[in-house]
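Asks: start_23.csv is reproduced in full below (CSV, C-alpha atoms).
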```csv
chain,number,residue,atom,x,y,z
A,9,MET,CA,-9.4,16.2,-20.7
A,10,ARG,CA,-6.6,17.4,-18.4
A,11,GLY,CA,-6.2,15.1,-15.4
A,12,GLN,CA,-8.2,12.2,-16.9
A,13,PRO,CA,-6.5,8.8,-17.3
A,14,THR,CA,-5.8,6.8,-20.4
A,15,ASP,CA,-5.5,3.0,-20.1
A,16,THR,CA,-2.7,0.8,-21.6
A,17,HIS,CA,-4.1,-2.7,-21.7
A,18,PRO,CA,-3.6,-5.5,-24.3
A,19,GLU,CA,-7.2,-6.5,-24.1
A,20,ALA,CA,-9.0,-3.3,-23.6
A,21,GLY,CA,-12.7,-3.8,-23.9
A,22,PRO,CA,-15.9,-1.8,-23.3
A,23,THR,CA,-15.3,1.3,-21.1
A,24,ARG,CA,-16.4,0.7,-17.5
A,25,PRO,CA,-17.6,3.6,-15.3
A,26,GLU,CA,-14.6,5.5,-13.9
A,27,PRO,CA,-13.7,4.0,-10.5
A,28,ASP,CA,-14.0,6.1,-7.4
A,29,LEU,CA,-10.3,6.7,-6.5
A,30,THR,CA,-11.3,8.4,-3.2
A,31,HIS,CA,-13.0,5.3,-1.8
A,32,HIS,CA,-10.9,3.5,0.8
A,33,GLY,CA,-11.4,0.6,3.2
A,34,ASP,CA,-12.3,2.7,6.2
A,35,ALA,CA,-15.6,3.6,4.4
A,36,GLU,CA,-16.6,-0.1,4.6
A,37,VAL,CA,-16.4,-0.5,8.4
A,38,GLY,CA,-19.1,0.5,10.9
A,39,ALA,CA,-20.5,-0.2,14.3
A,40,GLY,CA,-21.1,-3.9,15.0
A,41,LEU,CA,-19.1,-5.1,11.9
A,42,VAL,CA,-16.1,-7.4,12.0
A,43,ASP,CA,-13.5,-5.4,10.1
A,44,LEU,CA,-11.9,-7.4,7.2
A,45,ALA,CA,-11.8,-4.2,5.1
A,46,VAL,CA,-8.9,-2.2,6.6
A,47,ASN,CA,-5.4,-3.6,6.5
A,48,VAL,CA,-4.2,-2.2,9.9
A,49,ARG,CA,-3.1,-4.5,12.6
A,50,ARG,CA,-5.0,-3.8,15.9
A,51,ASP,CA,-3.0,-5.7,18.5
A,52,THR,CA,-2.0,-4.1,21.8
A,53,MET,CA,0.8,-1.6,21.2
A,54,PRO,CA,4.2,-2.7,22.8
A,55,ASP,CA,5.6,-0.6,25.6
A,56,TRP,CA,8.7,0.3,23.5
A,57,LEU,CA,6.4,2.1,21.1
A,58,ALA,CA,3.6,3.3,23.4
A,59,ASP,CA,6.0,4.8,26.0
A,60,PRO,CA,7.9,7.2,23.6
A,61,ILE,CA,4.6,8.3,22.0
A,62,THR,CA,3.1,9.0,25.5
A,63,ALA,CA,6.2,10.8,26.6
A,64,ALA,CA,6.1,13.1,23.5
A,65,LEU,CA,2.8,14.5,24.7
A,66,ALA,CA,4.6,16.3,27.5
A,67,ASP,CA,6.6,18.3,24.9
A,68,LEU,CA,3.8,19.6,22.6
A,69,ALA,CA,4.6,23.2,23.4
A,70,SER,CA,7.8,22.9,21.4
A,71,TYR,CA,7.8,22.7,17.6
A,72,PRO,CA,8.6,19.3,16.2
A,73,ASP,CA,12.3,18.5,15.5
A,74,PRO,CA,12.5,15.8,12.8
A,75,ARG,CA,16.3,15.3,13.0
A,76,PRO,CA,16.5,12.5,15.5
A,77,ALA,CA,13.8,10.5,13.8
A,78,ARG,CA,15.3,11.1,10.4
A,79,ALA,CA,18.6,9.8,11.6
A,80,ALA,CA,17.0,6.8,13.1
A,81,VAL,CA,15.1,5.9,9.9
A,82,ALA,CA,18.2,6.5,7.8
A,83,ALA,CA,20.3,4.2,10.0
A,84,ARG,CA,17.7,1.4,9.8
A,85,HIS,CA,17.9,1.4,6.0
A,86,GLY,CA,21.7,2.0,5.7
A,87,ARG,CA,21.3,5.5,4.3
A,88,PRO,CA,22.5,9.0,5.2
A,89,PRO,CA,19.8,11.3,6.7
A,90,ALA,CA,19.7,13.4,3.6
A,91,GLU,CA,18.1,10.5,1.8
A,92,VAL,CA,15.1,10.4,4.2
A,93,LEU,CA,12.0,12.7,4.2
A,94,LEU,CA,9.5,12.1,7.0
A,95,THR,CA,5.8,12.5,6.0
A,96,ALA,CA,2.4,12.6,7.6
A,97,GLY,CA,1.7,9.1,6.4
A,98,ALA,CA,2.5,7.6,3.0
A,99,ALA,CA,-0.4,9.5,1.5
A,100,GLU,CA,1.3,12.8,2.0
A,101,GLY,CA,4.2,11.5,0.0
A,102,PHE,CA,2.0,11.0,-3.0
A,103,VAL,CA,0.6,14.5,-2.7
A,104,LEU,CA,4.1,16.0,-2.5
A,105,LEU,CA,5.2,14.1,-5.6
A,106,ALA,CA,2.2,15.3,-7.6
A,107,ARG,CA,2.8,18.9,-6.6
A,108,ALA,CA,6.5,19.1,-6.8
A,109,LEU,CA,6.9,17.2,-10.1
A,110,ARG,CA,4.6,19.3,-12.2
A,111,GLY,CA,7.0,19.2,-15.1
A,112,VAL,CA,6.7,15.5,-15.8
A,113,ARG,CA,5.4,14.8,-19.3
A,114,ARG,CA,4.2,11.2,-19.1
A,115,PRO,CA,3.3,9.9,-15.7
A,116,VAL,CA,2.3,6.3,-15.6
A,117,VAL,CA,0.6,4.4,-12.7
A,118,VAL,CA,0.7,0.6,-12.7
A,119,HIS,CA,-2.7,-0.8,-11.7
A,120,PRO,CA,-4.5,-2.4,-9.9
A,121,GLN,CA,-2.9,-0.6,-6.9
A,122,PHE,CA,-3.6,1.8,-4.1
A,123,THR,CA,-5.6,4.6,-5.7
A,124,GLU,CA,-4.1,7.6,-3.8
A,125,PRO,CA,-1.1,8.0,-6.1
A,126,GLU,CA,-3.2,8.5,-9.2
A,127,ALA,CA,-5.8,10.6,-7.3
A,128,ALA,CA,-3.0,13.0,-6.1
A,129,LEU,CA,-1.6,13.3,-9.7
A,130,ARG,CA,-5.0,14.0,-11.2
A,131,ALA,CA,-5.8,16.6,-8.5
A,132,ALA,CA,-2.5,18.4,-9.4
A,133,GLY,CA,-3.6,18.5,-13.1
A,134,HIS,CA,-1.5,15.7,-14.5
A,135,GLN,CA,-2.6,13.6,-17.4
A,136,VAL,CA,-2.3,10.1,-16.0
A,137,GLU,CA,-1.7,7.0,-18.1
A,138,ARG,CA,-2.6,3.6,-16.6
A,139,VAL,CA,-0.8,0.3,-17.2
A,140,LEU,CA,-3.4,-2.4,-16.3
A,141,LEU,CA,-1.9,-5.7,-15.2
A,142,ASP,CA,-3.7,-8.9,-16.1
A,143,ALA,CA,-5.8,-11.1,-13.8
A,144,ALA,CA,-5.0,-14.1,-16.0
A,145,ASP,CA,-1.3,-13.5,-15.3
A,146,ASP,CA,-2.0,-13.1,-11.5
A,147,PHE,CA,-1.4,-9.4,-11.8
A,148,ARG,CA,2.4,-9.9,-12.1
A,149,LEU,CA,4.4,-7.0,-13.3
A,150,ASP,CA,5.2,-6.9,-17.0
A,151,ALA,CA,7.9,-4.2,-17.2
A,152,GLY,CA,7.8,-4.3,-21.0
A,153,ARG,CA,4.3,-2.7,-20.9
A,154,VAL,CA,5.6,0.4,-19.2
A,155,PRO,CA,6.2,3.1,-21.9
A,156,ALA,CA,9.9,3.6,-22.4
A,157,ASP,CA,9.5,7.4,-22.3
A,158,ALA,CA,7.5,7.5,-19.1
A,159,ASP,CA,9.3,10.0,-16.8
A,160,LEU,CA,7.3,9.1,-13.7
A,161,VAL,CA,6.3,5.5,-12.9
A,162,MET,CA,4.4,4.5,-9.8
A,163,VAL,CA,4.0,0.8,-8.7
A,164,GLY,CA,3.2,-0.9,-5.4
A,165,ASN,CA,5.3,-3.7,-3.8
A,166,PRO,CA,3.6,-5.6,-2.3
A,167,THR,CA,0.7,-4.2,-4.2
A,168,ASN,CA,-2.5,-3.2,-2.6
A,169,PRO,CA,-5.1,-4.7,-3.4
A,170,THR,CA,-3.6,-7.7,-5.2
A,171,SER,CA,-1.1,-8.7,-2.5
A,172,VAL,CA,1.4,-9.5,-5.2
A,173,LEU,CA,5.1,-9.2,-4.3
A,174,HIS,CA,7.0,-8.3,-7.5
A,175,PRO,CA,10.7,-9.4,-7.8
A,176,ALA,CA,13.0,-6.6,-6.8
A,177,ALA,CA,15.0,-7.2,-10.1
A,178,ASP,CA,11.9,-6.5,-12.2
A,179,LEU,CA,11.3,-3.2,-10.4
A,180,ALA,CA,14.9,-2.2,-10.5
A,181,ALA,CA,14.8,-2.8,-14.3
A,182,LEU,CA,12.3,0.1,-14.5
A,183,ALA,CA,14.8,2.6,-13.2
A,184,ARG,CA,16.7,4.8,-15.6
A,185,PRO,CA,18.1,8.4,-15.9
A,186,GLY,CA,15.4,11.0,-16.4
A,187,ARG,CA,12.7,8.9,-14.8
A,188,VAL,CA,11.4,9.0,-11.2
A,189,LEU,CA,10.5,5.5,-10.2
A,190,VAL,CA,8.1,5.5,-7.2
A,191,VAL,CA,7.8,2.1,-5.4
A,192,ASP,CA,5.1,2.1,-2.8
A,193,GLU,CA,6.4,-0.2,0.0
A,194,ALA,CA,3.7,0.7,2.5
A,195,PHE,CA,3.2,-3.0,3.2
A,196,ALA,CA,6.8,-4.2,2.8
A,197,ASP,CA,7.0,-4.8,6.5
A,198,THR,CA,4.2,-7.4,6.3
A,199,THR,CA,6.2,-9.6,4.0
A,200,ALA,CA,8.4,-12.6,4.9
A,201,ALA,CA,10.1,-15.4,3.0
A,202,PRO,CA,11.9,-18.6,4.2
A,203,GLY,CA,15.6,-18.0,4.5
A,204,VAL,CA,15.3,-14.2,4.1
A,205,ASN,CA,16.2,-12.2,7.2
A,206,GLY,CA,14.7,-8.9,6.1
A,207,GLU,CA,11.9,-7.8,3.8
A,208,PRO,CA,12.0,-9.9,0.6
A,209,GLU,CA,12.1,-7.9,-2.6
A,210,SER,CA,12.4,-4.5,-0.9
A,211,LEU,CA,14.4,-1.7,-2.6
A,212,ALA,CA,14.5,0.4,0.6
A,213,ALA,CA,18.3,0.0,0.9
A,214,ARG,CA,19.1,0.5,-2.8
A,215,ARG,CA,21.1,3.6,-3.4
A,216,ASP,CA,22.4,2.8,-6.9
A,217,LEU,CA,19.2,3.1,-8.9
A,218,PRO,CA,18.7,6.5,-10.6
A,219,GLY,CA,15.5,8.3,-9.8
A,220,LEU,CA,14.3,5.6,-7.3
A,221,LEU,CA,11.9,6.9,-4.6
A,222,VAL,CA,10.6,4.3,-2.0
A,223,VAL,CA,7.5,5.2,-0.1
A,224,ARG,CA,7.1,3.6,3.4
A,225,SER,CA,4.4,3.6,6.0
A,226,LEU,CA,4.5,2.8,9.7
A,227,THR,CA,0.7,2.7,10.1
A,228,LYS,CA,-0.1,-0.9,9.1
A,229,THR,CA,1.9,-3.2,11.3
A,230,TRP,CA,2.0,-0.9,14.3
A,231,GLY,CA,-1.6,0.3,14.2
A,232,LEU,CA,-0.7,4.0,13.8
A,233,ALA,CA,-3.2,5.0,11.1
A,234,GLY,CA,-4.5,7.8,13.3
A,235,LEU,CA,-1.1,9.1,14.1
A,236,ARG,CA,-0.1,9.6,10.4
A,237,ILE,CA,3.6,8.7,10.0
A,238,GLY,CA,5.5,7.5,6.9
A,239,TYR,CA,8.7,8.4,5.0
A,240,LEU,CA,10.3,8.6,1.6
A,241,LEU,CA,13.7,7.2,0.7
A,242,GLY,CA,15.6,8.6,-2.3
A,243,GLU,CA,18.2,10.9,-3.8
A,244,PRO,CA,18.8,14.1,-1.7
A,245,ALA,CA,18.1,16.4,-4.7
A,246,LEU,CA,14.7,14.8,-5.3
A,247,LEU,CA,13.8,14.8,-1.6
A,248,GLU,CA,14.7,18.5,-1.5
A,249,ARG,CA,12.2,19.3,-4.2
A,250,LEU,CA,9.5,17.3,-2.4
A,251,ALA,CA,10.4,19.0,1.0
A,252,ALA,CA,9.9,22.4,-0.6
A,253,ALA,CA,6.3,21.4,-1.3
A,254,GLN,CA,5.7,20.2,2.3
A,255,PRO,CA,4.2,22.4,5.0
A,256,LEU,CA,6.3,23.4,7.9
A,257,TRP,CA,6.3,21.0,10.8
A,258,ALA,CA,4.2,18.5,8.8
A,259,VAL,CA,5.0,15.6,11.1
A,260,SER,CA,3.9,15.9,14.8
A,261,THR,CA,6.2,15.3,17.8
A,262,PRO,CA,4.3,12.1,18.8
A,263,ALA,CA,4.6,10.8,15.2
A,264,LEU,CA,8.3,11.5,15.2
A,265,ALA,CA,8.7,9.6,18.4
A,266,ALA,CA,6.9,6.7,16.8
A,267,ALA,CA,9.2,6.8,13.8
A,268,SER,CA,12.3,6.7,16.0
A,269,ALA,CA,11.0,3.8,18.0
A,270,CYS,CA,10.0,1.8,15.0
A,271,ALA,CA,13.5,2.1,13.5
A,272,THR,CA,15.2,0.4,16.4
A,273,PRO,CA,16.6,-3.2,16.3
A,274,VAL,CA,14.0,-4.2,18.8
A,275,ALA,CA,11.2,-3.0,16.5
A,276,VAL,CA,12.7,-4.5,13.4
A,277,ALA,CA,13.0,-7.9,15.2
A,278,ALA,CA,9.4,-7.6,16.4
A,279,GLU,CA,8.2,-6.7,12.9
A,280,ARG,CA,9.9,-9.8,11.4
A,281,ALA,CA,8.2,-12.0,14.0
A,282,ILE,CA,4.8,-10.4,13.2
A,283,ALA,CA,5.4,-10.9,9.5
A,284,ALA,CA,6.2,-14.6,10.0
A,285,GLY,CA,3.0,-15.1,12.1
A,286,LEU,CA,1.0,-13.2,9.4
A,287,ALA,CA,2.3,-15.5,6.8
A,288,ALA,CA,0.9,-18.5,8.7
A,289,ASP,CA,-2.5,-16.8,9.2
A,290,ARG,CA,-2.5,-15.8,5.5
A,291,GLU,CA,-1.9,-19.4,4.4
A,292,HIS,CA,-4.9,-20.5,6.6
A,293,LEU,CA,-7.1,-17.9,5.0
A,294,VAL,CA,-6.0,-18.7,1.5
A,295,ALA,CA,-6.6,-22.5,2.1
A,296,ARG,CA,-10.1,-21.9,3.4
A,297,LEU,CA,-11.0,-19.5,0.6
A,298,SER,CA,-9.7,-21.8,-2.1
A,299,ALA,CA,-11.9,-24.6,-0.8
A,300,LEU,CA,-15.1,-22.6,-1.5
A,301,PRO,CA,-16.9,-23.1,-4.8
A,302,GLY,CA,-16.6,-20.3,-7.2
A,303,VAL,CA,-14.0,-18.4,-5.2
A,304,ARG,CA,-10.6,-17.8,-6.8
A,305,VAL,CA,-7.7,-16.3,-4.9
A,306,ALA,CA,-5.5,-14.1,-7.0
A,307,GLY,CA,-1.9,-15.2,-7.4
A,308,ARG,CA,0.2,-16.0,-4.4
A,309,PRO,CA,-0.7,-13.4,-1.7
A,310,ALA,CA,2.3,-11.9,0.2
A,311,SER,CA,0.8,-9.2,2.4
A,312,ALA,CA,-1.8,-8.6,5.1
A,313,PHE,CA,-4.7,-9.1,2.7
A,314,VAL,CA,-5.8,-11.3,-0.2
A,315,LEU,CA,-7.8,-10.5,-3.4
A,316,VAL,CA,-10.5,-12.8,-4.5
A,317,HIS,CA,-12.7,-13.2,-7.5
A,318,VAL,CA,-16.3,-14.1,-6.6
A,319,PRO,CA,-19.1,-13.9,-9.2
A,320,GLY,CA,-21.7,-11.5,-7.9
A,321,ALA,CA,-19.2,-10.1,-5.3
A,322,ALA,CA,-21.1,-6.8,-5.1
A,323,ASP,CA,-24.1,-8.6,-3.7
A,324,VAL,CA,-22.0,-10.9,-1.6
A,325,ARG,CA,-20.4,-7.9,0.1
A,326,LEU,CA,-23.7,-6.4,1.0
A,327,ALA,CA,-25.0,-9.7,2.2
A,328,LEU,CA,-21.9,-10.0,4.4
A,329,ARG,CA,-22.6,-6.6,5.9
A,330,ARG,CA,-26.1,-7.7,6.9
A,331,ARG,CA,-24.4,-10.7,8.7
A,332,GLY,CA,-22.0,-8.4,10.5
A,333,TRP,CA,-18.8,-8.6,8.3
A,334,ALA,CA,-17.1,-5.8,6.4
A,335,VAL,CA,-14.9,-6.6,3.4
A,336,ARG,CA,-13.4,-4.2,0.8
A,337,ARG,CA,-15.1,-3.8,-2.6
A,338,GLY,CA,-12.8,-4.2,-5.6
A,339,ASP,CA,-14.5,-2.2,-8.2
A,340,THR,CA,-13.0,1.1,-7.1
A,341,PHE,CA,-9.5,-0.1,-8.1
A,342,PRO,CA,-8.7,0.5,-11.8
A,343,GLY,CA,-8.2,-2.8,-13.6
A,344,LEU,CA,-10.7,-4.7,-11.4
A,345,GLY,CA,-14.5,-4.9,-11.6
A,346,PRO,CA,-17.6,-5.7,-9.5
A,347,ASP,CA,-16.6,-9.4,-9.0
A,348,TRP,CA,-13.5,-8.7,-6.8
A,349,LEU,CA,-13.2,-8.4,-3.1
A,350,ARG,CA,-10.2,-7.7,-0.8
A,351,ILE,CA,-10.1,-9.5,2.5
A,352,ALA,CA,-7.8,-8.7,5.4
A,353,VAL,CA,-5.8,-11.4,7.0
A,354,ARG,CA,-6.9,-12.0,10.6
A,355,ASP,CA,-6.3,-14.8,13.2
A,356,PRO,CA,-7.5,-18.3,12.3
A,357,ALA,CA,-10.5,-18.1,14.6
A,358,THR,CA,-11.8,-15.0,12.9
A,359,THR,CA,-11.1,-16.5,9.5
A,360,ASP,CA,-13.0,-19.7,10.3
A,361,ALA,CA,-16.0,-17.7,11.5
A,362,PHE,CA,-15.9,-15.6,8.4
A,363,ILE,CA,-15.6,-18.6,6.0
A,364,GLU,CA,-18.5,-20.3,7.7
A,365,ILE,CA,-20.8,-17.3,6.9
A,366,LEU,CA,-19.4,-16.9,3.4
A,367,ALA,CA,-19.9,-20.6,2.6
A,368,GLU,CA,-23.5,-20.4,3.7
A,369,MET,CA,-24.1,-17.5,1.3
A,370,LEU,CA,-22.4,-19.2,-1.6
A,371,GLU,CA,-24.3,-22.4,-1.1
A,372,ALA,CA,-27.7,-20.7,-0.8
```
Please rewrite the model in this file as C-alpha cells.

Replies:
Amino acid sequence: MRGQPTDTHPEAGPTRPEPDLTHHGDAEVGAGLVDLAVNVRRDTMPDWLADPITAALADLASYPDPRPARAAVAARHGRPPAEVLLTAGAAEGFVLLARALRGVRRPVVVHPQFTEPEAALRAAGHQVERVLLDAADDFRLDAGRVPADADLVMVGNPTNPTSVLHPAADLAALARPGRVLVVDEAFADTTAAPGVNGEPESLAARRDLPGLLVVRSLTKTWGLAGLRIGYLLGEPALLERLAAAQPLWAVSTPALAAASACATPVAVAAERAIAAGLAADREHLVARLSALPGVRVAGRPASAFVLVHVPGAADVRLALRRRGWAVRRGDTFPGLGPDWLRIAVRDPATTDAFIEILAEMLEA
C-alpha cells in the first residue's frame, strides 16, 4: 500500500502491530507528574536569550526578516547564508523534505529514531523502507545495511530514543551523488567528549559531502519547544527546493531573535558547559539504572536521555505514573517493543528519587 513501510532487518520475526508514529513524549506528561518523558531542558533562561526574545515582542507589527538570523547561524557553522534555511522547529524541516522531494524513488529511514521523519514521508505519500538497527549491537549504525540505491536516507545523530552517537565517518560514508542524506542533529548540542572543543561527531560544518542535509533544533538545550525554532544546513540548490515548499514568514520574529542569540560565541560557550554538566548527570543516571536487577541500559548513551530494556516495561510505566513519574514508552518507535523505556537525564537528586521508586517496583 502506498505510504506503508517495509522493514529491512536481518532477523525479521513475527509482524508486530504498526507503532503509533504520532505519539511523542509530551503525551506522557500531566499535572502532578515529574517529567522524565520530554527531553527539553527547563532551567531559567539566561538574560542574553530572554532579552532579545522579549524585545522582539515590540516589533510584531512588522513581518519577520530572517536575514540577520540566517547570517548568524551560518557564521556559527562556518557556512555562507545560502546554506541555511530557518524553520519552525526541526519538525517543519521533515515536512518540507517530504513535500519537496516527491520524486525520490527509494526513501529509507534508519530506526529506531525520532518518528516524525517517517510520519512526514508517509503523509506525503512516500513508500518508506526501514532499516532496523539491532539491540544486540547497541543500535550502532551498520552502513552496509542501507540499500545502495536509496536516494533519500534519514538517520539521527545522536539518535532519539537510543542516545547513540554514531561516528561522523560512518555517516559521511553514506553520502553519495544522487542521494539526499538527512542527518537529524536535533540533540547534537547535548553531546560532549573529553578533549573535543565542539560537538563530537557533528557534520554541521561539512560542506564537502554531496547531498548532505543536517537538521538542527534550538528547542532542547534552551527550553524553546513552545517557540518553534530550528534550521537546515545543506547545499543551496537543495535548500531552495525546500524553501519553495515553506509558507511565507514561517518563522516568527521572536523565534528569529532566539536563533540569532543562540548562535553567538557566548551561547556556544554556555552550550558546551551545559553539555559537560549533562554528561556528569547522565553518568549518574546510567550507574544507578545499571545497578537495578533486570534493567539494561542500551549502549553508551551520549545525549539528554537513555534507553533502557525492562521486562514488563509497559506495566512499569503505568505503575510509575501512579507514583507520580512520567517516562517515555518505547513501543511507538519502530524497531523497539513493549519492554523499552526512554528516560530523560535530570539532576542527581531527581534521579535518586526516581531510582528509589523504580527499585521498589522491581523488587515487589

Asks: Could you state the separation of CA of Ala267 (chain A) and CA of Gln121 (chain A) in Å, given to one decimal place?

Replies: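 Separating CA of Ala267 (chain A) from CA of Gln121 (chain A) is a distance of 25.1 Å.
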
Asks: Go through region 134-182 of chain A and flag each residue having an atom no more than 12 Å from region 100-106 of chain A; for those, report the closest pair of atoms plus their distance in Å to one decimal, using only C-alpha atoms, ordered by chain and rising number, as CSV.

Replies:
```
residue,atom,partner,partner_atom,distance
A:His134,CA,A:Ala106,CA,7.8
A:Gln135,CA,A:Ala106,CA,11.0
A:Val136,CA,A:Ala106,CA,10.9
A:Leu160,CA,A:Leu105,CA,9.7
A:Val161,CA,A:Leu105,CA,11.3
A:Met162,CA,A:Phe102,CA,9.7
A:Val163,CA,A:Phe102,CA,11.9
```

Asks: Taking all atoms listed in the file into account, name the residue in A:Gly242, A:Pro273, A:Gly219, A:Gly97 that is nearest to Ala194 (chain A).

Replies: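 Selected residue with least distance to Ala194 (chain A): A:Gly97.
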
Asks: Using CA of Ala284 (chain A) and CA of Gly206 (chain A) as the two end points, give the distance in Å to one decimal.

Replies: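 Computed distance, CA of Ala284 (chain A) to CA of Gly206 (chain A), equals 11.0 Å.
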
Asks: Between A:Pro346, A:Arg215, A:Val335, A:Thr198, which residue has the minimum interatomic distance to Ala35 (chain A), considering all atoms listed in the file?

Replies: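 Smallest separation from Ala35 (chain A) among the options: A:Val335.
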
Asks: Find the residues near region 354-367 of chain A: any atom within 9 Å, counting only C-alpha atoms, skip ones fewer than 6 places away on the same chain, and give them as an MDAnalysis selection string.

Replies: chainID A and resid 42 44 49 286 289:290 292:293 296:297 300:301 312:313 324 328 331 333

Asks: Would you please work out which residue, of A:Ile351, A:Leu226, A:Ala277, A:Leu250, is nearest to Glu36 (chain A) when using only C-alpha atoms?

Replies: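 Closest residue, counting only C-alpha atoms: A:Ile351.
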
Asks: Suppose you want the space between CA of Val223 (chain A) and CA of Gly238 (chain A); what is it in Å?

Replies: 7.6 Å

Asks: Nearest residue to Ala200 (chain A) out of A:Glu279, A:Trp257, A:Leu217, A:Ala263, using only C-alpha atoms?

Replies: A:Glu279

Asks: Give me, as CSV, the closest atom pair and its distance (Å, one decimal) for every residue of region 217-253 of chain A within a cut-off of 12 Å of region 176-188 of chain A, counting all atoms listed in the file, rows sorted by chain and rising number.

Replies:
```
residue,atom,partner,partner_atom,distance
A:Leu217,CA,A:Ala183,CA,6.2
A:Pro218,CA,A:Arg184,CA,5.6
A:Gly219,CA,A:Val188,CA,4.4
A:Leu220,CA,A:Val188,CA,5.9
A:Leu221,CA,A:Val188,CA,6.9
A:Val222,CA,A:Val188,CA,10.4
A:Gly242,CA,A:Val188,CA,9.8
A:Glu243,CA,A:Val188,CA,10.2
A:Ala245,CA,A:Val188,CA,11.9
A:Leu246,CA,A:Val188,CA,8.9
A:Leu247,CA,A:Val188,CA,11.5
```

Asks: Do you know which residues are at most 8 Å from Arg84 (chain A) counting only C-alpha atoms, after dropping those on the same chain fewer than 4 positions away, and could you put them as a PyMOL selection string?

Replies: chain A and resi 80+271-272

Asks: Please provide the set of residues having any atom within 10 Å of Val116 (chain A), restricted to all atoms listed in the file, with same-chain residues fewer than 4 positions apart removed, written as a count of residues only.

Replies: 21
